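Asker: run23.pdb (PDB, C-alpha atoms) pasted underneath:
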```pdb
ATOM      1  CA  MET A 217       0.000   0.000   0.000  1.00  0.00           C
ATOM      2  CA  GLN A 218       1.387   3.395  -1.010  1.00  0.00           C
ATOM      3  CA  GLU A 219       0.312   5.097   2.219  1.00  0.00           C
ATOM      4  CA  ALA A 220       2.101   2.526   4.368  1.00  0.00           C
ATOM      5  CA  GLY A 221       5.350   3.118   2.509  1.00  0.00           C
ATOM      6  CA  ALA A 222       5.098   6.884   2.879  1.00  0.00           C
ATOM      7  CA  ILE A 223       4.291   6.609   6.584  1.00  0.00           C
ATOM      8  CA  ARG A 224       7.181   4.228   7.156  1.00  0.00           C
ATOM      9  CA  ALA A 225       9.518   6.652   5.385  1.00  0.00           C
ATOM     10  CA  ALA A 226       8.283   9.589   7.485  1.00  0.00           C
ATOM     11  CA  ALA A 227       8.689   7.587  10.692  1.00  0.00           C
ATOM     12  CA  LEU A 228      12.222   6.514   9.828  1.00  0.00           C
ATOM     13  CA  ASP A 229      13.037  10.094   8.857  1.00  0.00           C
ATOM     14  CA  ALA A 230      12.033  11.145  12.370  1.00  0.00           C
ATOM     15  CA  VAL A 231      14.674   8.852  13.867  1.00  0.00           C
ATOM     16  CA  GLU A 232      17.403   9.187  11.237  1.00  0.00           C
ATOM     17  CA  ASP A 233      19.691  11.012  13.670  1.00  0.00           C
ATOM     18  CA  VAL A 234      19.652   8.178  16.223  1.00  0.00           C
ATOM     19  CA  ASP A 235      23.063   6.756  17.106  1.00  0.00           C
ATOM     20  CA  PRO A 236      24.645   4.272  17.180  1.00  0.00           C
ATOM     21  CA  GLN A 237      23.682   2.722  13.859  1.00  0.00           C
ATOM     22  CA  ALA A 238      22.618  -0.524  15.561  1.00  0.00           C
ATOM     23  CA  ILE A 239      19.690   1.301  17.167  1.00  0.00           C
ATOM     24  CA  TYR A 240      18.488   2.706  13.848  1.00  0.00           C
ATOM     25  CA  GLU A 241      18.816  -0.704  12.214  1.00  0.00           C
ATOM     26  CA  ARG A 242      16.717  -2.282  14.973  1.00  0.00           C
ATOM     27  CA  ILE A 243      14.045   0.381  14.487  1.00  0.00           C
ATOM     28  CA  ASP A 244      14.052  -0.402  10.771  1.00  0.00           C
ATOM     29  CA  GLU A 245      13.559  -4.101  11.579  1.00  0.00           C
ATOM     30  CA  LEU A 246      10.654  -3.408  13.907  1.00  0.00           C
ATOM     31  CA  PHE A 247       8.854  -1.382  11.257  1.00  0.00           C
ATOM     32  CA  ASP A 248       9.071  -4.399   8.993  1.00  0.00           C
ATOM     33  CA  GLN A 249       7.506  -6.585  11.698  1.00  0.00           C
ATOM     34  CA  GLU A 250       4.706  -4.417  13.067  1.00  0.00           C
ATOM     35  CA  SER A 251       1.369  -3.597  11.477  1.00  0.00           C
ATOM     36  CA  MET A 252       1.194  -0.217   9.736  1.00  0.00           C
ATOM     37  CA  ALA A 253      -2.591  -0.099  10.199  1.00  0.00           C
ATOM     38  CA  PRO A 254      -2.645   2.717  12.805  1.00  0.00           C
ATOM     39  CA  GLY A 255      -0.722   5.093  10.554  1.00  0.00           C
ATOM     40  CA  VAL A 256      -2.745   4.143   7.498  1.00  0.00           C
ATOM     41  CA  PHE A 257      -5.981   4.680   9.422  1.00  0.00           C
ATOM     42  CA  THR A 258      -4.795   8.167  10.380  1.00  0.00           C
ATOM     43  CA  VAL A 259      -4.451   9.044   6.702  1.00  0.00           C
ATOM     44  CA  ALA A 260      -7.738   7.370   5.786  1.00  0.00           C
ATOM     45  CA  CYS A 261      -9.642   9.471   8.342  1.00  0.00           C
ATOM     46  CA  ALA A 262      -8.178  12.716   7.033  1.00  0.00           C
ATOM     47  CA  ASN A 263      -8.833  11.781   3.415  1.00  0.00           C
ATOM     48  CA  ALA A 264     -12.441  10.751   4.054  1.00  0.00           C
ATOM     49  CA  ILE A 265     -13.167  14.112   5.666  1.00  0.00           C
ATOM     50  CA  ARG A 266     -11.429  16.018   2.876  1.00  0.00           C
ATOM     51  CA  GLU A 267     -13.356  14.129   0.219  1.00  0.00           C
ATOM     52  CA  ARG A 268     -16.682  14.719   1.934  1.00  0.00           C
ATOM     53  CA  SER A 269     -15.970  18.426   2.148  1.00  0.00           C
ATOM     54  CA  GLY A 270     -15.119  18.556  -1.555  1.00  0.00           C
ATOM     55  CA  ARG A 271     -11.436  19.226  -1.095  1.00  0.00           C
ATOM     56  CA  THR A 272      -8.837  17.556  -3.278  1.00  0.00           C
ATOM     57  CA  THR A 273      -6.893  14.827  -1.513  1.00  0.00           C
ATOM     58  CA  ALA A 274      -3.205  15.414  -2.058  1.00  0.00           C
ATOM     59  CA  ASP A 275      -0.725  12.602  -2.534  1.00  0.00           C
ATOM     60  CA  LEU A 276       0.680  11.678   0.871  1.00  0.00           C
ATOM     61  CA  ASP A 277       4.259  12.144  -0.288  1.00  0.00           C
ATOM     62  CA  ALA A 278       3.424  15.805  -0.875  1.00  0.00           C
ATOM     63  CA  ASP A 279       1.290  16.149   2.263  1.00  0.00           C
ATOM     64  CA  ASP A 280       4.080  16.548   4.787  1.00  0.00           C
ATOM     65  CA  ALA A 281       1.903  17.550   7.760  1.00  0.00           C
ATOM     66  CA  LEU A 282      -0.417  14.562   7.465  1.00  0.00           C
ATOM     67  CA  ALA A 283       2.477  12.167   6.900  1.00  0.00           C
ATOM     68  CA  LYS A 284       4.122  13.421  10.083  1.00  0.00           C
ATOM     69  CA  ARG A 285       0.927  12.947  12.097  1.00  0.00           C
ATOM     70  CA  ALA A 286       0.518   9.427  10.778  1.00  0.00           C
ATOM     71  CA  ALA A 287       4.174   8.708  11.510  1.00  0.00           C
ATOM     72  CA  GLY A 288       3.730  10.023  15.055  1.00  0.00           C
ATOM     73  CA  VAL A 289       0.835   7.642  15.654  1.00  0.00           C
ATOM     74  CA  GLN A 290       2.800   4.780  14.132  1.00  0.00           C
ATOM     75  CA  LEU A 291       5.935   5.476  16.181  1.00  0.00           C
ATOM     76  CA  ILE A 292       3.961   5.467  19.416  1.00  0.00           C
ATOM     77  CA  TYR A 293       2.229   2.243  18.453  1.00  0.00           C
ATOM     78  CA  VAL A 294       5.404   0.383  17.491  1.00  0.00           C
ATOM     79  CA  GLY A 295       7.157   1.553  20.663  1.00  0.00           C
ATOM     80  CA  LEU A 296       4.335   0.502  22.966  1.00  0.00           C
ATOM     81  CA  SER A 297       3.760  -2.748  21.091  1.00  0.00           C
ATOM     82  CA  ARG A 298       7.408  -3.699  21.538  1.00  0.00           C
ATOM     83  CA  THR A 299       7.214  -2.805  25.236  1.00  0.00           C
ATOM     84  CA  ARG A 300       4.148  -5.033  25.568  1.00  0.00           C
ATOM     85  CA  THR A 301       5.966  -7.937  23.937  1.00  0.00           C
ATOM     86  CA  LEU A 302       8.977  -7.550  26.206  1.00  0.00           C
ATOM     87  CA  ALA A 303       6.744  -7.486  29.280  1.00  0.00           C
ATOM     88  CA  ALA A 304       5.044 -10.694  28.193  1.00  0.00           C
ATOM     89  CA  ASP A 305       8.066 -12.662  26.976  1.00  0.00           C
ATOM     90  CA  GLN A 306      10.585 -11.639  29.663  1.00  0.00           C
ATOM     91  CA  PRO A 307      13.657 -12.327  27.463  1.00  0.00           C
ATOM     92  CA  TRP A 308      15.995 -11.577  30.381  1.00  0.00           C
ATOM     93  CA  ALA A 309      14.994 -14.916  31.881  1.00  0.00           C
ATOM     94  CA  THR A 310      16.156 -16.789  28.769  1.00  0.00           C
ATOM     95  CA  GLY A 311      19.590 -15.205  28.482  1.00  0.00           C
ATOM     96  CA  GLU A 312      18.653 -12.666  25.813  1.00  0.00           C
ATOM     97  CA  SER A 313      19.276  -9.627  27.972  1.00  0.00           C
ATOM     98  CA  ASP A 314      21.439  -7.725  25.470  1.00  0.00           C
ATOM     99  CA  ALA A 315      18.759  -7.808  22.775  1.00  0.00           C
ATOM    100  CA  ALA A 316      16.048  -6.986  25.312  1.00  0.00           C
ATOM    101  CA  ASN A 317      17.974  -4.015  26.689  1.00  0.00           C
ATOM    102  CA  LEU A 318      18.418  -2.695  23.146  1.00  0.00           C
ATOM    103  CA  ASP A 319      14.716  -3.070  22.472  1.00  0.00           C
ATOM    104  CA  ILE A 320      13.782  -1.208  25.658  1.00  0.00           C
ATOM    105  CA  LEU A 321      15.906   1.707  24.510  1.00  0.00           C
ATOM    106  CA  VAL A 322      14.421   1.515  21.021  1.00  0.00           C
ATOM    107  CA  ALA A 323      10.852   1.464  22.370  1.00  0.00           C
ATOM    108  CA  ASP A 324      11.519   4.567  24.483  1.00  0.00           C
ATOM    109  CA  ILE A 325      12.981   6.396  21.489  1.00  0.00           C
ATOM    110  CA  LEU A 326      10.020   5.512  19.283  1.00  0.00           C
ATOM    111  CA  VAL A 327       7.442   6.748  21.777  1.00  0.00           C
ATOM    112  CA  ALA A 328       9.420   9.941  22.437  1.00  0.00           C
ATOM    113  CA  ARG A 329       9.744  10.724  18.718  1.00  0.00           C
ATOM    114  CA  GLY A 330       6.056   9.981  18.221  1.00  0.00           C
ATOM    115  CA  PHE A 331       5.251  12.507  20.937  1.00  0.00           C
ATOM    116  CA  TYR A 332       7.521  15.014  19.248  1.00  0.00           C
ATOM    117  CA  LEU A 333       5.675  14.723  15.939  1.00  0.00           C
ATOM    118  CA  LEU A 334       2.279  15.118  17.614  1.00  0.00           C
ATOM    119  CA  ALA A 335       3.290  17.655  20.265  1.00  0.00           C
ATOM    120  CA  ARG A 336       2.044  20.756  18.446  1.00  0.00           C
ATOM    121  CA  THR A 337      -1.128  19.197  17.097  1.00  0.00           C
ATOM    122  CA  GLU A 338      -4.623  18.720  18.479  1.00  0.00           C
ATOM    123  CA  ALA A 339      -3.767  15.041  19.048  1.00  0.00           C
ATOM    124  CA  SER A 340      -1.104  15.714  21.681  1.00  0.00           C
ATOM    125  CA  ASP A 341      -3.358  15.207  24.707  1.00  0.00           C
ATOM    126  CA  GLU A 342      -4.770  12.018  23.213  1.00  0.00           C
ATOM    127  CA  ALA A 343      -1.229  10.704  22.729  1.00  0.00           C
ATOM    128  CA  VAL A 344      -0.435  11.320  26.381  1.00  0.00           C
ATOM    129  CA  ALA A 345      -3.654   9.556  27.382  1.00  0.00           C
ATOM    130  CA  VAL A 346      -2.732   6.497  25.294  1.00  0.00           C
ATOM    131  CA  VAL A 347       0.640   6.116  26.986  1.00  0.00           C
ATOM    132  CA  ARG A 348      -0.804   6.633  30.456  1.00  0.00           C
ATOM    133  CA  ALA A 349      -3.527   4.056  29.814  1.00  0.00           C
ATOM    134  CA  PHE A 350      -0.910   1.619  28.556  1.00  0.00           C
ATOM    135  CA  GLY A 351       1.103   2.049  31.735  1.00  0.00           C
ATOM    136  CA  ARG A 352      -1.951   1.451  33.912  1.00  0.00           C
ATOM    137  CA  ASP A 353      -2.868  -1.657  31.920  1.00  0.00           C
ATOM    138  CA  GLN A 354       0.618  -3.088  32.321  1.00  0.00           C
ATOM    139  CA  THR A 355       0.490  -2.473  36.072  1.00  0.00           C
ATOM    140  CA  VAL A 356      -2.891  -4.174  36.385  1.00  0.00           C
ATOM    141  CA  ALA A 357      -1.656  -7.091  34.291  1.00  0.00           C
ATOM    142  CA  ARG A 358       1.356  -7.618  36.539  1.00  0.00           C
ATOM    143  CA  GLU A 359      -0.689  -7.409  39.723  1.00  0.00           C
ATOM    144  CA  THR A 360      -3.701  -9.483  38.681  1.00  0.00           C
ATOM    145  CA  GLY A 361      -2.549 -11.638  35.783  1.00  0.00           C
ATOM    146  CA  GLU A 362      -5.384 -10.206  33.697  1.00  0.00           C
ATOM    147  CA  SER A 363      -4.527  -9.608  30.048  1.00  0.00           C
ATOM    148  CA  LEU A 364      -5.426  -6.120  28.852  1.00  0.00           C
ATOM    149  CA  ASP A 365      -3.262  -6.277  25.744  1.00  0.00           C
ATOM    150  CA  ALA A 366      -6.129  -5.559  23.354  1.00  0.00           C
ATOM    151  CA  ASN A 367      -6.609  -2.116  24.876  1.00  0.00           C
ATOM    152  CA  LEU A 368      -3.488  -0.829  23.132  1.00  0.00           C
ATOM    153  CA  GLU A 369      -4.895  -1.261  19.635  1.00  0.00           C
ATOM    154  CA  ARG A 370      -8.222   0.293  20.617  1.00  0.00           C
ATOM    155  CA  ASP A 371      -6.512   3.298  22.163  1.00  0.00           C
ATOM    156  CA  VAL A 372      -4.036   3.778  19.306  1.00  0.00           C
ATOM    157  CA  PHE A 373      -6.757   3.600  16.647  1.00  0.00           C
ATOM    158  CA  GLU A 374      -8.694   6.256  18.546  1.00  0.00           C
ATOM    159  CA  LEU A 375      -5.536   8.369  18.633  1.00  0.00           C
ATOM    160  CA  ALA A 376      -5.288   7.847  14.867  1.00  0.00           C
ATOM    161  CA  ALA A 377      -8.868   9.070  14.440  1.00  0.00           C
ATOM    162  CA  VAL A 378      -8.096  12.232  16.391  1.00  0.00           C
ATOM    163  CA  ALA A 379      -4.839  12.866  14.540  1.00  0.00           C
ATOM    164  CA  GLY A 380      -6.428  12.290  11.146  1.00  0.00           C
ATOM    165  CA  ALA A 381      -9.647  14.201  11.698  1.00  0.00           C
ATOM    166  CA  THR A 382      -7.946  17.246  13.163  1.00  0.00           C
ATOM    167  CA  ALA A 383      -5.443  17.223  10.301  1.00  0.00           C
ATOM    168  CA  ALA A 384      -8.463  17.794   8.072  1.00  0.00           C
ATOM    169  CA  GLY A 385      -9.668  20.642  10.289  1.00  0.00           C
ATOM    170  CA  VAL A 386     -12.462  18.964  12.276  1.00  0.00           C
ATOM    171  CA  SER A 387     -12.913  17.156  15.558  1.00  0.00           C
ATOM    172  CA  PRO A 388     -13.610  13.411  15.385  1.00  0.00           C
ATOM    173  CA  THR A 389     -17.268  12.542  15.789  1.00  0.00           C
ATOM    174  CA  PRO A 390     -18.300  10.051  18.499  1.00  0.00           C
ATOM    175  CA  GLN A 391     -19.197   7.690  15.667  1.00  0.00           C
ATOM    176  CA  LEU A 392     -15.678   7.962  14.229  1.00  0.00           C
ATOM    177  CA  ARG A 393     -14.179   7.245  17.647  1.00  0.00           C
ATOM    178  CA  GLU A 394     -16.428   4.215  17.991  1.00  0.00           C
ATOM    179  CA  LEU A 395     -15.389   2.940  14.572  1.00  0.00           C
ATOM    180  CA  ALA A 396     -11.748   3.404  15.581  1.00  0.00           C
ATOM    181  CA  THR A 397     -12.073   1.312  18.723  1.00  0.00           C
ATOM    182  CA  ASP A 398     -13.974  -1.367  16.807  1.00  0.00           C
ATOM    183  CA  LEU A 399     -11.176  -1.516  14.255  1.00  0.00           C
ATOM    184  CA  GLY A 400      -8.673  -1.801  17.086  1.00  0.00           C
ATOM    185  CA  ASP A 401     -10.526  -4.885  18.278  1.00  0.00           C
ATOM    186  CA  GLU A 402     -10.484  -6.359  14.779  1.00  0.00           C
ATOM    187  CA  SER A 403      -6.903  -5.552  13.782  1.00  0.00           C
ATOM    188  CA  SER A 404      -5.162  -8.545  15.361  1.00  0.00           C
ATOM    189  CA  ASP A 405      -3.944  -9.647  11.926  1.00  0.00           C
ATOM    190  CA  GLY A 406      -2.599  -6.182  11.170  1.00  0.00           C
ATOM    191  CA  SER A 407      -5.015  -5.431   8.350  1.00  0.00           C
ATOM    192  CA  LEU A 408      -7.808  -2.947   7.728  1.00  0.00           C
ATOM    193  CA  PRO A 409     -11.160  -3.916   6.176  1.00  0.00           C
ATOM    194  CA  ARG A 410     -11.650  -3.392   2.458  1.00  0.00           C
ATOM    195  CA  THR A 411     -14.860  -1.527   3.298  1.00  0.00           C
ATOM    196  CA  LEU A 412     -12.972   1.049   5.382  1.00  0.00           C
ATOM    197  CA  HIS A 413     -13.607   3.949   3.011  1.00  0.00           C
ATOM    198  CA  ASP A 414     -17.352   3.324   3.021  1.00  0.00           C
ATOM    199  CA  GLN A 415     -17.372   2.960   6.788  1.00  0.00           C
ATOM    200  CA  LEU A 416     -15.512   6.227   7.219  1.00  0.00           C
ATOM    201  CA  THR A 417     -17.821   8.066   4.846  1.00  0.00           C
ATOM    202  CA  THR A 418     -20.769   7.257   7.104  1.00  0.00           C
ATOM    203  CA  VAL A 419     -19.160   8.446  10.345  1.00  0.00           C
ATOM    204  CA  VAL A 420     -17.246  11.616   9.434  1.00  0.00           C
ATOM    205  CA  ASN A 421     -18.958  14.949   9.740  1.00  0.00           C
ATOM    206  CA  VAL A 422     -17.297  17.965   8.194  1.00  0.00           C
ATOM    207  CA  ASP A 423     -19.444  20.308  10.283  1.00  0.00           C
ATOM    208  CA  SER A 424     -18.088  19.041  13.619  1.00  0.00           C
ATOM    209  CA  SER A 425     -15.100  21.356  13.647  1.00  0.00           C
ATOM    210  CA  GLY A 426     -13.417  21.866  16.975  1.00  0.00           C
ATOM    211  CA  THR A 427     -10.712  23.985  15.385  1.00  0.00           C
ATOM    212  CA  ASP A 428     -12.715  25.912  12.766  1.00  0.00           C
ATOM    213  CA  GLY A 429     -10.301  24.606  10.168  1.00  0.00           C
ATOM    214  CA  VAL A 430      -7.348  26.396  11.771  1.00  0.00           C
ATOM    215  CA  ARG A 431      -4.091  24.488  11.490  1.00  0.00           C
ATOM    216  CA  THR A 432      -1.532  24.348  14.248  1.00  0.00           C
ATOM    217  CA  SER A 433       2.023  25.418  13.473  1.00  0.00           C
ATOM    218  CA  VAL A 434       3.108  21.840  12.722  1.00  0.00           C
ATOM    219  CA  ASP A 435       0.751  21.848   9.739  1.00  0.00           C
ATOM    220  CA  HIS A 436       2.518  24.634   7.891  1.00  0.00           C
TER
END
```
Could you rewrite the structure in this file as structure tokens?

Answerer:
Amino acid sequence: MQEAGAIRAAALDAVEDVDPQAIYERIDELFDQESMAPGVFTVACANAIRERSGRTTADLDADDALAKRAAGVQLIYVGLSRTRTLAADQPWATGESDAANLDILVADILVARGFYLLARTEASDEAVAVVRAFGRDQTVARETGESLDANLERDVFELAAVAGATAAGVSPTPQLRELATDLGDESSDGSLPRTLHDQLTTVVNVDSSGTDGVRTSVDH
């Protein structure tokens, strides 16, 4: 998918200054392993709103602001997903501490860079909420043995809805948020439904602007 490639490129561009090279290479590997659905959904939300409002949808390669938002969502997701895997697998117990320590560092970098890309957008508070919820879920899981892993996808897809909708100048409708959490439940295989465009068309509302179409400075 063209969008996935553009989002991956934007995400890797956000970490291109990371040293040593081994860290960057591990990030590159993780982006090959993880689903790109959250970033793609970010773009799909923005495009559905633009289309409904009669605006031309630009190619993502030329739409730098939207690509950065999608990359921010994707970076946070990959970082938290890797943290979740490490918490479940406990590689330190099997003698793989060096690789695990590298991945902890990588996960922290990914989340931090994701925050950076979303910091000056309307999705910044939602991003903070996702990470806080993830931390609470991990604490509950350790204390009770209850698995709350599925919450991450639901929360990240809702973050994607906020990032995408506000990139198009509107606030996400409750129906769009509901669709996002439903997709999070259904995305265990890393894919999005072929009917996504039709689903989005029914739940976006170009009149629900929380920003009156005003872009934040990151969108210039």

Asker: Please write the residues picked by the PyMOL selection byres ((chain A and resi 366-376) around 7) on this file as a ChimeraX atom specification.

Answerer: /A:254-255,257-258,289,293,339,342-343,346,350,364-365,377-380,393,396-397,400-401

Asker: Of the candidates A:Glu338, A:Asp353, A:Arg271, A:Asp279, which one gets nearest to Leu296 of chain A if we count all atoms listed in the file?

Answerer: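 Looking only at the distances to Leu296 of chain A, the closest residue turns out to be A:Asp353.
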
Asker: Go through the shown structure with the PyMOL selection byres ((chain A and resi 406) around 7) and write out the matching residues as a list in words.

Answerer: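 Here the PyMOL selection byres ((chain A and resi 406) around 7) matches Ser251, Ala253, Ser403, Ser404, Asp405 and Ser407 of chain A.
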
Asker: For this file, the PyMOL selection byres ((chain A and resi 239) around 12) selects which residues, as a PyMOL selection string?

Answerer: chain A and resi 228+231-238+240-246+315+317-326

Asker: With C-alpha atoms retained, could you export that selection as a PDB file, in the coordinates of the input?

Answerer:
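Result saved to again_16.pdb:
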```pdb
ATOM      1  CA  LEU A 228      12.222   6.514   9.828  1.00  0.00           C
ATOM      2  CA  VAL A 231      14.674   8.852  13.867  1.00  0.00           C
ATOM      3  CA  GLU A 232      17.403   9.187  11.237  1.00  0.00           C
ATOM      4  CA  ASP A 233      19.691  11.012  13.670  1.00  0.00           C
ATOM      5  CA  VAL A 234      19.652   8.178  16.223  1.00  0.00           C
ATOM      6  CA  ASP A 235      23.063   6.756  17.106  1.00  0.00           C
ATOM      7  CA  PRO A 236      24.645   4.272  17.180  1.00  0.00           C
ATOM      8  CA  GLN A 237      23.682   2.722  13.859  1.00  0.00           C
ATOM      9  CA  ALA A 238      22.618  -0.524  15.561  1.00  0.00           C
ATOM     10  CA  TYR A 240      18.488   2.706  13.848  1.00  0.00           C
ATOM     11  CA  GLU A 241      18.816  -0.704  12.214  1.00  0.00           C
ATOM     12  CA  ARG A 242      16.717  -2.282  14.973  1.00  0.00           C
ATOM     13  CA  ILE A 243      14.045   0.381  14.487  1.00  0.00           C
ATOM     14  CA  ASP A 244      14.052  -0.402  10.771  1.00  0.00           C
ATOM     15  CA  GLU A 245      13.559  -4.101  11.579  1.00  0.00           C
ATOM     16  CA  LEU A 246      10.654  -3.408  13.907  1.00  0.00           C
ATOM     17  CA  ALA A 315      18.759  -7.808  22.775  1.00  0.00           C
ATOM     18  CA  ASN A 317      17.974  -4.015  26.689  1.00  0.00           C
ATOM     19  CA  LEU A 318      18.418  -2.695  23.146  1.00  0.00           C
ATOM     20  CA  ASP A 319      14.716  -3.070  22.472  1.00  0.00           C
ATOM     21  CA  ILE A 320      13.782  -1.208  25.658  1.00  0.00           C
ATOM     22  CA  LEU A 321      15.906   1.707  24.510  1.00  0.00           C
ATOM     23  CA  VAL A 322      14.421   1.515  21.021  1.00  0.00           C
ATOM     24  CA  ALA A 323      10.852   1.464  22.370  1.00  0.00           C
ATOM     25  CA  ASP A 324      11.519   4.567  24.483  1.00  0.00           C
ATOM     26  CA  ILE A 325      12.981   6.396  21.489  1.00  0.00           C
ATOM     27  CA  LEU A 326      10.020   5.512  19.283  1.00  0.00           C
TER      28      LEU A 326
END
```

Asker: Between atom CA of Thr355 of chain A and atom CA of Gly295 of chain A, what distance in Å does the model show, to one decimal?

Answerer: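 These two atoms are separated by 17.3 Å.
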
Asker: Can you tell me, as a ChimeraX atom specification, which residues sit within 9 Å of (1.8, -5.6, 30.2) in the file's frame, using all atoms listed in the file?

Answerer: /A:299-304,350-358,363-365

Asker: How about saving the chosen residues, C-alpha atoms kept, as a tab-separated table (two decimals), in the frame of the given file?

Answerer:
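As a result, again_29.tsv now contains:
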```tsv
chain	number	residue	atom	x	y	z
A	299	THR	CA	7.21	-2.80	25.24
A	300	ARG	CA	4.15	-5.03	25.57
A	301	THR	CA	5.97	-7.94	23.94
A	302	LEU	CA	8.98	-7.55	26.21
A	303	ALA	CA	6.74	-7.49	29.28
A	304	ALA	CA	5.04	-10.69	28.19
A	350	PHE	CA	-0.91	1.62	28.56
A	351	GLY	CA	1.10	2.05	31.74
A	352	ARG	CA	-1.95	1.45	33.91
A	353	ASP	CA	-2.87	-1.66	31.92
A	354	GLN	CA	0.62	-3.09	32.32
A	355	THR	CA	0.49	-2.47	36.07
A	356	VAL	CA	-2.89	-4.17	36.38
A	357	ALA	CA	-1.66	-7.09	34.29
A	358	ARG	CA	1.36	-7.62	36.54
A	363	SER	CA	-4.53	-9.61	30.05
A	364	LEU	CA	-5.43	-6.12	28.85
A	365	ASP	CA	-3.26	-6.28	25.74
```

Asker: Just how far from atom CA of Ser297 of chain A is atom CA of Pro409 of chain A, in Å to one decimal?

Answerer: 21.1 Å

Asker: A:Ala227, A:Ala264, A:Leu412, A:Leu395: which is nearest Leu291 of chain A, counting only C-alpha atoms?

Answerer: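 Among the listed residues, the smallest separation from Leu291 of chain A belongs to A:Ala227.
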
Asker: I'd like to know which of A:Ala278, A:Ala262, A:Ala230, A:Val294 is closest to Glu250 of chain A, using only C-alpha atoms.

Answerer: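 For Glu250 of chain A, the nearest of the given residues is A:Val294.
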
Asker: Which residue out of A:Leu408, A:Leu399, A:Ala225, A:Ala381 has the minimum interatomic distance to Cys261 of chain A when only C-alpha atoms are used?

Answerer: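 Going through A:Leu408, A:Leu399, A:Ala225, A:Ala381 one by one, the smallest distance to Cys261 of chain A is for A:Ala381.
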
Asker: To one decimal in Å, tell me the separation between atom CA of Ala384 of chain A and atom CA of Asp248 of chain A.

Answerer: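 Atom CA of Asp248 of chain A lies at a distance of 28.3 Å from atom CA of Ala384 of chain A.
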